[in-house]
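> I'd like to ask you about the structure that follows.
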Amino acid sequence: MLRKILFGISIALLSFLVWQVFLKPQDYLASFQINTSVGTVNQVIKSWHQSLENSKTIKDDNLNRFEHQITFNDSVFTYKWEIEKLNDSISKIYARISDEENGFKQRLLSPFFDTDFEKRSKKTVYDLYDRLSDHLEKFKVTYKGLDSIPETYCAYIPIKSTQSQKASKMMKYYPVLDNFALDKRIKSNGLPFIEVLDWNKKTDSITFNFCYPIKKIDSLPDHDLIKYKFRKATKALHATYNGNYITSDRAWYVLLEKANSQKISVRENPLEIFFTNPNMGGTELNWVAEIYMPIK
């Protein structure tokens, strides 16, 4: 009987070691939950990696799955990120970390020792969690539900940029639109807004019109950059964003998740109306933008 027990224990131990050393899909697995959207997690992780030296993206399938590599001295670590939406508010993040040079050694030692690799991996994930938590304190998204984007006539400038450069592009071109309207005595007729024409989530790049609502008149002056258009009223999902306009796209991801959970087909062409002039300063959480995702 004792021999059978020892034999069973030996088989179980051998099976564990075979899985640990040869079959385990990563050298270290960390996970945590946080109260935000999948898209926000995606953007913060990407921004964090871009801030590190010797970091590069090696795979970017979608918002939920992507891979990075970081070089620490002579070691190359691969981070496979998976983001799972648990419910309307909670996302779970998995970090599958592998040491490309010493993977066999790490898997062999990890059941018995707290290795330097594990310590570094834990610190990296803790640092990311702190970065995410700090970021979430700097903005707020309030979902409002079904609404309508108001119709308007506007002067606009077509712009291409990354999502993170959107606000700086607006600040660059707002004086052009504002001074043009003043110089030509064109009356403004509302708040500035952007309408996104194309959103590439793999490259985090966008093409958008930066719009300045105006009173339509019979003859409008020509300009090298500025064009004119009428925008029809459109049914849309609506959210209010408070925070720095650099990260107002966090509301886009909330609206997409709401559309998915409510089985509403939308066009991924968000529109943002800005109620605060960033040049006036003030507490960023008091800045307001109304964000819309048009319904198909």
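Ligands are numbered from 1 in the order shown, chains are lettered A, B, ... in the order of the structure tokens, and residues start at 1 in each chain.
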Within 8 Å of stretch 44-64 of chain A, which residues of stretch 101-173 of chain A come that close, and what is the closest atom pair and distance in Å for each? Count only C-alpha atoms and give it as a Markdown table.

```
| residue | atom | partner | partner_atom | distance |
| --- | --- | --- | --- | --- |
| A:Leu128 | CA | A:Ile45 | CA | 7.3 |
| A:Arg131 | CA | A:Val44 | CA | 7.9 |
| A:Leu132 | CA | A:Val44 | CA | 6.6 |
```
> Just to be explicit: take each residue in the selection above, keep C-alpha atoms, and write the result as an mmCIF file, in the first residue's frame.

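Final output, selection24.cif:
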```
data_model
loop_
_atom_site.group_PDB
_atom_site.id
_atom_site.type_symbol
_atom_site.label_atom_id
_atom_site.label_comp_id
_atom_site.auth_asym_id
_atom_site.auth_seq_id
_atom_site.Cartn_x
_atom_site.Cartn_y
_atom_site.Cartn_z
ATOM 1 C CA LEU A 128 1.774 48.895 -14.212
ATOM 2 C CA ARG A 131 0.245 53.539 -13.275
ATOM 3 C CA LEU A 132 -3.262 52.409 -14.193
#
```
> Might you pull out every residue within 6 Å of A:Ala289, with only C-alpha atoms counted and same-chain residues fewer than 4 positions away left off, and present them as a PyMOL selection string?
chain A and resi 240-241+273-275
> What's around stretch 167-169 of chain A at 9 Å? Count only C-alpha atoms, leave out sequence neighbours fewer than 6 positions away in its own chain, and write the answer as number ranges by chain.
A: 159-161, 210, 244-248
> Please, could you write that set of residues out with all heavy atoms as a PDB file, in the first residue's frame?

```pdb
ATOM      1  N   ILE A 159      -7.612  66.613 -40.389  1.00  0.00           N
ATOM      2  CA  ILE A 159      -6.365  66.354 -39.661  1.00  0.00           C
ATOM      3  C   ILE A 159      -6.135  64.847 -39.554  1.00  0.00           C
ATOM      4  O   ILE A 159      -7.079  64.071 -39.372  1.00  0.00           O
ATOM      5  CB  ILE A 159      -6.419  66.970 -38.239  1.00  0.00           C
ATOM      6  CG1 ILE A 159      -6.601  68.487 -38.311  1.00  0.00           C
ATOM      7  CG2 ILE A 159      -5.161  66.619 -37.437  1.00  0.00           C
ATOM      8  CD1 ILE A 159      -6.862  69.146 -36.971  1.00  0.00           C
ATOM      9  N   LYS A 160      -4.875  64.451 -39.626  1.00  0.00           N
ATOM     10  CA  LYS A 160      -4.467  63.073 -39.337  1.00  0.00           C
ATOM     11  C   LYS A 160      -3.523  63.088 -38.145  1.00  0.00           C
ATOM     12  O   LYS A 160      -2.629  63.936 -38.070  1.00  0.00           O
ATOM     13  CB  LYS A 160      -3.767  62.438 -40.541  1.00  0.00           C
ATOM     14  CG  LYS A 160      -4.667  62.182 -41.740  1.00  0.00           C
ATOM     15  CD  LYS A 160      -3.901  61.486 -42.862  1.00  0.00           C
ATOM     16  CE  LYS A 160      -4.816  61.206 -44.042  1.00  0.00           C
ATOM     17  NZ  LYS A 160      -4.075  60.515 -45.145  1.00  0.00           N
ATOM     18  N   SER A 161      -3.709  62.149 -37.222  1.00  0.00           N
ATOM     19  CA  SER A 161      -2.829  62.100 -36.053  1.00  0.00           C
ATOM     20  C   SER A 161      -2.991  60.759 -35.356  1.00  0.00           C
ATOM     21  O   SER A 161      -3.799  59.922 -35.760  1.00  0.00           O
ATOM     22  CB  SER A 161      -3.156  63.229 -35.067  1.00  0.00           C
ATOM     23  OG  SER A 161      -4.331  62.939 -34.329  1.00  0.00           O
ATOM     24  N   PHE A 210     -11.606  68.800 -37.505  1.00  0.00           N
ATOM     25  CA  PHE A 210     -11.719  69.704 -36.365  1.00  0.00           C
ATOM     26  C   PHE A 210     -12.647  70.835 -36.794  1.00  0.00           C
ATOM     27  O   PHE A 210     -12.322  71.605 -37.707  1.00  0.00           O
ATOM     28  CB  PHE A 210     -10.343  70.218 -35.962  1.00  0.00           C
ATOM     29  CG  PHE A 210     -10.359  71.097 -34.739  1.00  0.00           C
ATOM     30  CD1 PHE A 210     -11.283  70.900 -33.725  1.00  0.00           C
ATOM     31  CD2 PHE A 210      -9.439  72.120 -34.588  1.00  0.00           C
ATOM     32  CE1 PHE A 210     -11.304  71.709 -32.593  1.00  0.00           C
ATOM     33  CE2 PHE A 210      -9.439  72.935 -33.467  1.00  0.00           C
ATOM     34  CZ  PHE A 210     -10.383  72.723 -32.471  1.00  0.00           C
ATOM     35  N   ASN A 244      -8.481  65.741 -18.870  1.00  0.00           N
ATOM     36  CA  ASN A 244      -7.660  66.310 -19.936  1.00  0.00           C
ATOM     37  C   ASN A 244      -8.094  65.719 -21.282  1.00  0.00           C
ATOM     38  O   ASN A 244      -8.278  64.515 -21.416  1.00  0.00           O
ATOM     39  CB  ASN A 244      -6.184  65.995 -19.670  1.00  0.00           C
ATOM     40  CG  ASN A 244      -5.260  66.793 -20.560  1.00  0.00           C
ATOM     41  OD1 ASN A 244      -5.342  66.753 -21.773  1.00  0.00           O
ATOM     42  ND2 ASN A 244      -4.348  67.534 -19.944  1.00  0.00           N
ATOM     43  N   TYR A 245      -8.219  66.575 -22.293  1.00  0.00           N
ATOM     44  CA  TYR A 245      -8.711  66.121 -23.587  1.00  0.00           C
ATOM     45  C   TYR A 245      -7.725  65.192 -24.305  1.00  0.00           C
ATOM     46  O   TYR A 245      -8.090  64.555 -25.297  1.00  0.00           O
ATOM     47  CB  TYR A 245      -9.046  67.315 -24.474  1.00  0.00           C
ATOM     48  CG  TYR A 245     -10.225  68.133 -23.975  1.00  0.00           C
ATOM     49  CD1 TYR A 245     -10.347  69.479 -24.299  1.00  0.00           C
ATOM     50  CD2 TYR A 245     -11.206  67.562 -23.180  1.00  0.00           C
ATOM     51  CE1 TYR A 245     -11.422  70.234 -23.845  1.00  0.00           C
ATOM     52  CE2 TYR A 245     -12.279  68.294 -22.721  1.00  0.00           C
ATOM     53  CZ  TYR A 245     -12.393  69.639 -23.047  1.00  0.00           C
ATOM     54  OH  TYR A 245     -13.458  70.367 -22.597  1.00  0.00           O
ATOM     55  N   ILE A 246      -6.512  65.101 -23.819  1.00  0.00           N
ATOM     56  CA  ILE A 246      -5.548  64.153 -24.393  1.00  0.00           C
ATOM     57  C   ILE A 246      -6.090  62.731 -24.315  1.00  0.00           C
ATOM     58  O   ILE A 246      -5.856  61.915 -25.207  1.00  0.00           O
ATOM     59  CB  ILE A 246      -4.189  64.245 -23.662  1.00  0.00           C
ATOM     60  CG1 ILE A 246      -3.518  65.585 -23.953  1.00  0.00           C
ATOM     61  CG2 ILE A 246      -3.262  63.098 -24.070  1.00  0.00           C
ATOM     62  CD1 ILE A 246      -2.246  65.817 -23.146  1.00  0.00           C
ATOM     63  N   THR A 247      -6.828  62.435 -23.249  1.00  0.00           N
ATOM     64  CA  THR A 247      -7.314  61.062 -23.049  1.00  0.00           C
ATOM     65  C   THR A 247      -8.841  60.975 -23.130  1.00  0.00           C
ATOM     66  O   THR A 247      -9.439  60.059 -22.571  1.00  0.00           O
ATOM     67  CB  THR A 247      -6.828  60.508 -21.698  1.00  0.00           C
ATOM     68  OG1 THR A 247      -7.221  61.410 -20.641  1.00  0.00           O
ATOM     69  CG2 THR A 247      -5.326  60.341 -21.684  1.00  0.00           C
ATOM     70  N   SER A 248      -9.478  61.897 -23.848  1.00  0.00           N
ATOM     71  CA  SER A 248     -10.934  61.818 -23.979  1.00  0.00           C
ATOM     72  C   SER A 248     -11.366  60.586 -24.763  1.00  0.00           C
ATOM     73  O   SER A 248     -12.535  60.182 -24.707  1.00  0.00           O
ATOM     74  CB  SER A 248     -11.478  63.084 -24.641  1.00  0.00           C
ATOM     75  OG  SER A 248     -10.852  63.318 -25.886  1.00  0.00           O
TER      76      SER A 248
END
```
